[in-house]
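This is coords-v7.txt. It holds compact mmCIF, C-alpha atoms.
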```txt
# COMPACT_ATOMS: atom_id res chain seq x y z
CA MET A 664 1.20 -8.66 8.07
CA ALA A 665 2.27 -10.32 4.84
CA VAL A 666 3.47 -13.38 6.78
CA VAL A 667 0.17 -13.60 8.67
CA LEU A 668 -1.72 -13.27 5.39
CA LEU A 669 0.36 -16.07 3.86
CA VAL A 670 -0.29 -18.36 6.83
CA GLU A 671 -4.02 -17.63 6.55
CA LYS A 672 -3.93 -18.21 2.77
CA ILE A 673 -2.18 -21.58 3.22
CA ALA A 674 -4.76 -22.61 5.83
CA LEU A 675 -7.53 -21.64 3.41
CA ILE A 676 -5.91 -23.61 0.57
CA GLU A 677 -5.57 -26.68 2.82
CA ASP A 678 -9.15 -26.39 4.09
CA PRO A 679 -11.64 -24.42 1.95
CA ALA A 680 -14.02 -24.36 4.96
CA TYR A 681 -11.40 -22.58 7.10
CA VAL A 682 -12.47 -19.16 8.35
CA PRO A 683 -9.47 -16.81 8.58
CA SER A 684 -8.95 -14.96 11.86
CA CYS A 685 -9.50 -11.66 10.07
CA SER A 686 -12.97 -12.56 8.81
CA LEU A 687 -15.06 -10.50 11.22
CA ASN A 688 -18.29 -9.80 9.35
CA PRO A 689 -19.61 -9.65 5.76
CA VAL A 690 -17.57 -6.52 4.97
CA LEU A 691 -14.38 -7.18 6.95
CA SER A 692 -13.77 -10.62 5.53
CA CYS A 693 -10.33 -11.89 4.60
CA GLY A 694 -11.76 -15.20 3.47
CA SER A 695 -13.93 -13.47 0.87
CA VAL A 696 -10.90 -11.59 -0.46
CA MET A 697 -8.42 -14.50 -0.30
CA SER A 698 -10.65 -16.79 -2.35
CA THR A 699 -10.68 -14.46 -5.39
CA PRO A 700 -8.37 -14.45 -8.42
CA GLN A 701 -7.17 -10.99 -7.34
CA ALA A 702 -5.53 -12.60 -4.28
CA SER A 703 -3.04 -14.25 -6.62
CA ALA A 704 -2.80 -11.54 -9.25
CA PHE A 705 0.53 -12.74 -10.68
CA GLY A 706 -0.10 -16.46 -10.30
CA ILE A 707 1.24 -16.65 -6.75
CA PRO A 708 -0.43 -15.55 -3.52
CA ASN A 709 -0.05 -11.78 -3.08
CA PRO A 710 1.40 -12.19 0.44
CA ILE A 711 4.50 -13.74 -1.14
CA LEU A 712 5.00 -10.49 -3.04
CA GLY A 713 4.54 -8.62 0.23
CA ILE A 714 7.09 -10.75 2.05
CA ALA A 715 9.63 -10.24 -0.73
CA GLY A 716 8.92 -6.51 -1.03
CA PHE A 717 8.94 -5.73 2.67
CA SER A 718 12.07 -7.85 3.16
CA ALA A 719 13.80 -5.73 0.52
CA VAL A 720 12.59 -2.54 2.23
CA LEU A 721 13.88 -3.81 5.58
CA ALA A 722 17.26 -4.75 4.12
CA LEU A 723 17.63 -1.44 2.30
CA GLY A 724 16.48 0.55 5.32
CA THR A 725 19.01 -1.25 7.49
CA ALA A 726 21.74 -0.53 4.93
CA PHE A 727 20.81 3.17 4.85
CA LEU A 728 20.82 3.37 8.66
CA ALA A 729 24.26 1.76 8.65
CA GLY A 730 25.49 4.56 6.40
CA ALA A 731 25.38 2.88 3.00
CA ARG A 732 25.19 5.09 -0.06
CA MET A 733 23.30 3.80 -3.04
CA ALA A 734 24.21 4.32 -6.65
CA ARG A 735 21.73 6.33 -8.71
CA TRP A 736 20.60 3.21 -10.55
CA MET A 737 19.71 1.62 -7.20
CA SER A 738 17.61 4.68 -6.32
CA VAL A 739 15.78 4.22 -9.62
CA VAL A 740 15.19 0.53 -8.86
CA ILE A 741 13.87 1.43 -5.40
CA GLN A 742 11.57 4.08 -6.87
CA VAL A 743 10.26 1.67 -9.50
CA GLY A 744 9.62 -0.92 -6.77
CA VAL A 745 7.70 1.39 -4.45
CA THR A 746 5.77 2.84 -7.40
CA PHE A 747 4.77 -0.65 -8.51
CA ALA A 748 3.73 -1.47 -4.92
CA MET A 749 1.65 1.71 -4.67
CA LEU A 750 -0.07 1.09 -8.01
CA PHE A 751 -0.72 -2.54 -7.12
CA VAL A 752 -2.16 -1.59 -3.72
CA HIS A 753 -4.48 0.95 -5.33
CA TRP A 754 -5.60 -1.64 -7.87
CA LEU A 755 -6.30 -4.00 -4.95
CA ILE A 756 -8.24 -1.25 -3.16
CA GLY A 757 -10.42 -0.80 -6.24
CA GLN A 758 -10.90 -4.54 -6.61
CA SER A 759 -11.83 -4.91 -2.92
CA LEU A 760 -14.32 -2.06 -3.06
CA TYR A 761 -15.95 -2.52 -6.44
CA GLU A 762 -15.38 -6.11 -7.60
CA ILE A 763 -15.02 -8.27 -4.49
CA GLY A 764 -17.22 -6.23 -2.18
CA ALA A 765 -15.24 -7.05 0.96
CA LEU A 766 -12.22 -5.77 2.85
CA CYS A 767 -9.35 -7.74 4.33
CA PRO A 768 -8.20 -6.01 7.55
CA TYR A 769 -4.65 -7.38 7.20
CA CYS A 770 -4.54 -6.22 3.59
CA MET A 771 -5.66 -2.78 4.70
CA VAL A 772 -2.67 -2.60 7.05
CA VAL A 773 -0.44 -3.37 4.06
CA TRP A 774 -2.18 -0.58 2.12
CA ALA A 775 -1.65 1.82 5.03
CA VAL A 776 2.08 1.02 5.14
CA THR A 777 2.69 1.00 1.39
CA ILE A 778 1.26 4.46 0.76
CA PRO A 779 3.67 6.40 3.03
CA LEU A 780 6.52 4.16 1.92
CA PHE A 781 5.86 5.27 -1.65
CA TRP A 782 5.19 8.91 -0.73
CA PHE A 783 8.26 9.49 1.43
CA THR A 784 10.57 7.54 -0.89
CA THR A 785 9.29 9.57 -3.85
CA LEU A 786 9.78 12.86 -2.02
CA HIS A 787 13.31 11.85 -1.01
CA HIS A 788 14.17 11.00 -4.60
CA LEU A 789 12.54 14.13 -5.99
CA ARG A 790 14.60 16.26 -3.62
CA ARG A 791 17.81 14.53 -4.75
CA TRP A 792 16.96 14.37 -8.44
CA THR A 793 15.84 18.00 -8.82
CA ARG A 794 18.89 19.72 -7.31
CA GLY A 795 19.94 21.25 -10.64
CA ALA A 796 16.42 21.65 -11.98
CA ALA A 797 14.61 24.86 -12.82
CA PRO A 798 13.60 27.01 -9.83
CA VAL A 799 9.90 26.36 -10.37
CA THR A 800 10.53 22.60 -10.21
CA ARG A 801 12.58 22.94 -7.02
CA ARG A 802 9.87 25.14 -5.44
CA THR A 803 7.19 22.61 -6.34
CA VAL A 804 9.20 19.78 -4.79
CA SER A 805 9.87 21.94 -1.70
CA LEU A 806 6.13 22.57 -1.35
CA LEU A 807 5.36 18.86 -1.63
CA ILE A 808 7.96 18.13 1.03
CA GLU A 809 6.66 20.90 3.29
CA PHE A 810 3.09 19.59 3.01
CA ARG A 811 4.00 15.90 2.97
CA LEU A 812 1.91 15.04 6.03
CA PRO A 813 -1.27 16.91 5.00
CA VAL A 814 -1.03 15.25 1.57
CA LEU A 815 -0.67 11.84 3.23
CA VAL A 816 -3.63 12.51 5.55
CA ALA A 817 -5.74 13.65 2.59
CA TRP A 818 -4.75 10.49 0.70
CA TYR A 819 -5.92 8.32 3.62
CA LEU A 820 -9.13 10.35 3.97
CA VAL A 821 -9.98 9.78 0.30
CA ILE A 822 -9.56 6.03 0.74
CA LEU A 823 -11.56 6.03 3.99
CA SER A 824 -14.30 8.04 2.27
CA LEU A 825 -14.44 5.54 -0.60
CA ILE A 826 -14.72 2.69 1.91
CA ALA A 827 -17.43 4.51 3.88
CA MET A 828 -19.43 5.30 0.74
CA ARG A 829 -19.09 1.81 -0.73
CA PHE A 830 -20.20 0.04 2.45
CA TRP A 831 -22.47 2.73 3.89
CA ASP A 832 -25.51 0.45 3.75
CA TYR A 833 -23.74 -2.07 5.98
CA TRP A 834 -22.11 0.48 8.33
CA SER A 835 -25.40 2.31 8.86
CA THR A 836 -27.10 -0.90 10.08
CA VAL A 837 -24.28 -1.56 12.55
CA LEU A 838 -24.38 1.93 14.06
```

Write out the structure in this file as structure tokens.
Amino acid sequence: MAVVLLVEKIALIEDPAYVPSCSLNPVLSCGSVMSTPQASAFGIPNPILGIAGFSAVLALGTAFLAGARMARWMSVVIQVGVTFAMLFVHWLIGQSLYEIGALCPYCMVVWAVTIPLFWFTTLHHLRRWTRGAAPVTRRTVSLLIEFRLPVLVAWYLVILSLIAMRFWDYWSTVL
């Protein structure tokens, strides 16, 4: 998705009249989102961050599947990276809902992928990092792991509820 977003962003930069393929209506409108300062939050188009981040995830995932073991410092770096991505995605969700007033469908796919990436990575690290911790800490982590999917579903439902509430006036006219 990040590559598609970058291609669409480049087309929009080259031709400001270009309508991205993901601009479907006034609410689901990539063009409205891509033309804002939030679309280049760190001075470069956000899809470049996505390409770099997801490439790192792919490389690390491949290394893990091949049997690589990471040093503790690398686990910390990975956790910092996915935490940054999760915080950034949630900032972008807020910006899309309450500042921009439009949603980018491709961006929403990135949101949907980033959240479980953060959640499952965090749970994996918590399990590893709390082995010698107090029993109450280990039980708490075990509970989070046991209920990892309901927590993830609830997380998505909160975001979907925020989207529904924010754009209810539009959705109700379409139904």

**Message:** List as a ChimeraX atom specification the residues having at least one atom at most 12 Å from position (1.2, 0.7, -5.4) as given in the file, counting all atoms listed in the file.
**Reply:** /A:713,716,742-757,773-782

**Request:** Between atom CA of Cys693 of chain A and atom CA of Cys767 of chain A, measure the distance and give it in Å to one decimal.
**Result:** 4.3 Å

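Reported to one decimal place, the separation of atom CA of Arg811 of chain A from atom CA of Ile741 of chain A is 19.4 Å.
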
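The residue that comes closest to Leu823 of chain A, out of A:Ala702, A:Val799, A:Leu760, A:Leu806 and on the basis of all atoms listed in the file, is A:Leu760.
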
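The nearest approach to Leu789 of chain A among the residues A:Cys770, A:Leu669, A:Leu807, A:Ile763, with all atoms listed in the file taken into account, belongs to A:Leu807.
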
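Nearest to Ala665 of chain A of all the residues A:Trp792, A:Tyr769, A:Tyr761, A:Phe810 is A:Tyr769, counting all atoms listed in the file.
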
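Distances to Arg791 of chain A were evaluated for A:Ile826, A:Leu668, A:Val816, A:Ile808 using only C-alpha atoms, and the minimum falls at A:Ile808.
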
Edge lengths and centre in Å, axis-aligned, segment 807-817 of chain A plus 3 Å each side, as JSON:
```
{"center_x": 1.1, "center_y": 16.4, "center_z": 2.2, "size_x": 19.7, "size_y": 15.1, "size_z": 13.7}
```

**Asked** Could you name the residues that touch Val670 of chain A at 12 Å or less, counting only C-alpha atoms, but leaving out those on the same chain fewer than 3 positions away, as a list in words?
**Response** Met664, Ala665, Val666, Val667, Ile673, Ala674, Leu675, Ile676, Glu677, Tyr681, Pro683, Ser684, Cys685, Met697, Pro708, Asn709, Pro710, Ile711, Ile714 and Tyr769 of chain A

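The spacing separating atom CA of Leu687 of chain A from atom CA of Tyr819 of chain A amounts to 22.3 Å.
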